[in-house]
Amino acid sequence: MASLSVPPTLPRASPAVVGAARGRRAAVRVRTAAAALGGGGGGGMEQHLGDGPRSPVKENPVMSNVGKSTNILWHNCPIGQSDRQKLLGQKGCVVWITGLSGSGKSTLACALSRELHYRGHLTYVLDGDNLRHGLNRDLSFKSEDRAENIRRVGEVAKLFADAGIICIASLISPYRRDRDACRALLPDSKFIEVFLDLPLQICEARDPKGLYKLARAGKIKGFTGIDDPYEPPVNGEIVIKMKDGECPSPKAMAKQVLCYLEENGYLQA
């Protein structure tokens, strides 16, 4: 019986050879992945597969200095305002209610929010007094602090509008320049100024918080309408006034604003 010949054992590759082969396979995988992502490394990145340990090089970002913040970068996200508006079925905007203390700003804000909520629309109310319990608790009622108060609220309201929410801001906001600065934050007519044009006598007679009485007694300084001015809007979108000597009801005021929102397409995406 003839014996079978056994082939000689193949020589084991050296570690250097094995490492080189692995490196070539890794390079192929990287090139394949880069091609799948758009070819040539994609996205402004430079792929380097040579011998030297070089890091990928990215295009230099455009850094900015804004106010007291330095070397900051704006990051864009793939989901934008239009996407959020389609999801909510409405257009984000800011309904800015302004007027004297006691004119009914908070009452209108809550009535409007309730009516919109019942219709299936997402809202959020930024009330001046409520915000001074938290965000603006460090601010006084001096002129410069009032300006900062409105600036902060304007920036927050802008974020809500960008989220696709109907933001209802309710503040005395006595100075025209501060309200105009908030309007400038929102392009495409997304700032809707609502002026509660009620006489000082009516607001003072209501005096729901007793502030007019304190101001008249000199216990509060710089009170709007007494010893500090209120500058009414010049070209506001909505003006709410007394009719036949009667103040409109909260529901009637809310309906007036609702009609404006409907007619101008804010209640649909």
# chains A, B, ... in the order shown; residues from 1 in each chain; ligands from 1
>>> select_by_dssp(residues="segment 39-239 of chain A", states="helix (DSSP H, G or I)", output="MDAnalysis selection string")
chainID A and resid 81:88 105:118 128:131 143:162 176:185 200:206 211:216
>>> residues_around(residues="segment 119-130 of chain A", least_positions_apart="6", cutoff="10 Å", atoms="only C-alpha atoms", output="JSON, numbers by chain")
{"A": [88, 89, 90, 91, 92, 93, 94, 95, 96, 97, 105, 106, 109, 110, 112, 113, 136, 137, 149, 150, 153, 154, 156, 157, 160, 161, 164, 165, 166, 167, 168, 169, 170, 171, 172, 173, 267, 268]}
>>> write_last_selection(atoms="C-alpha atoms", output="mmCIF file, in the first residue's frame")
data_model
loop_
_atom_site.group_PDB
_atom_site.id
_atom_site.type_symbol
_atom_site.label_atom_id
_atom_site.label_comp_id
_atom_site.auth_asym_id
_atom_site.auth_seq_id
_atom_site.Cartn_x
_atom_site.Cartn_y
_atom_site.Cartn_z
ATOM 1 C CA LEU A 88 -47.727 71.697 15.582
ATOM 2 C CA GLY A 89 -49.973 72.881 12.763
ATOM 3 C CA GLN A 90 -49.415 76.570 13.540
ATOM 4 C CA LYS A 91 -46.933 79.384 13.040
ATOM 5 C CA GLY A 92 -44.689 80.475 15.875
ATOM 6 C CA CYS A 93 -45.126 84.121 16.820
ATOM 7 C CA VAL A 94 -45.106 86.552 19.739
ATOM 8 C CA VAL A 95 -48.287 88.279 20.872
ATOM 9 C CA TRP A 96 -46.913 91.181 22.929
ATOM 10 C CA ILE A 97 -49.582 92.705 25.201
ATOM 11 C CA LYS A 105 -52.940 92.464 30.234
ATOM 12 C CA SER A 106 -52.660 89.280 32.328
ATOM 13 C CA ALA A 109 -53.134 86.719 28.117
ATOM 14 C CA CYS A 110 -54.806 83.922 30.073
ATOM 15 C CA LEU A 112 -56.297 84.109 24.822
ATOM 16 C CA SER A 113 -54.170 81.155 25.890
ATOM 17 C CA ASN A 136 -35.608 88.664 36.225
ATOM 18 C CA ARG A 137 -35.514 88.515 40.021
ATOM 19 C CA ASN A 149 -36.148 93.161 31.780
ATOM 20 C CA ILE A 150 -37.790 93.677 28.391
ATOM 21 C CA VAL A 153 -38.211 88.627 27.819
ATOM 22 C CA GLY A 154 -37.861 89.491 24.137
ATOM 23 C CA VAL A 156 -37.013 84.243 25.515
ATOM 24 C CA ALA A 157 -40.128 85.013 23.480
ATOM 25 C CA PHE A 160 -40.589 80.175 21.932
ATOM 26 C CA ALA A 161 -41.597 81.522 18.508
ATOM 27 C CA GLY A 164 -43.281 77.027 16.712
ATOM 28 C CA ILE A 165 -45.193 78.103 19.821
ATOM 29 C CA ILE A 166 -47.604 81.034 20.027
ATOM 30 C CA CYS A 167 -45.913 83.005 22.799
ATOM 31 C CA ILE A 168 -48.066 85.511 24.683
ATOM 32 C CA ALA A 169 -45.993 88.126 26.511
ATOM 33 C CA SER A 170 -47.833 90.280 29.042
ATOM 34 C CA LEU A 171 -45.849 93.234 30.363
ATOM 35 C CA ILE A 172 -46.344 96.958 30.948
ATOM 36 C CA SER A 173 -43.228 97.522 28.780
ATOM 37 C CA LEU A 267 -53.260 79.177 13.179
ATOM 38 C CA GLN A 268 -52.076 76.927 10.365
#
>>> closest_residue(among="A:Ser101, A:Ala147, A:Lys251, A:Glu231", to="Ala205 of chain A", atoms="only C-alpha atoms")
A:Ser101
>>> closest_residue(among="A:Thr98, A:Ala215, A:Ser103, A:Lys255", to="Gly236 of chain A", atoms="only C-alpha atoms")
A:Thr98
>>> residues_around(residues="Gly80 of chain A", least_positions_apart="4", cutoff="10 Å", atoms="only C-alpha atoms", output="ChimeraX atom specification")
/A:76,84-85,162-164
>>> residues_around(residues="Pro61 of chain A", least_positions_apart="3", cutoff="10 Å", atoms="only C-alpha atoms", output="list in words")
Lys58, Ser64, Ile72, Leu73 and Trp74 of chain A
>>> atom_distance(atom1="atom CA of Arg206 of chain A", atom2="atom CA of Thr107 of chain A")
13.0 Å
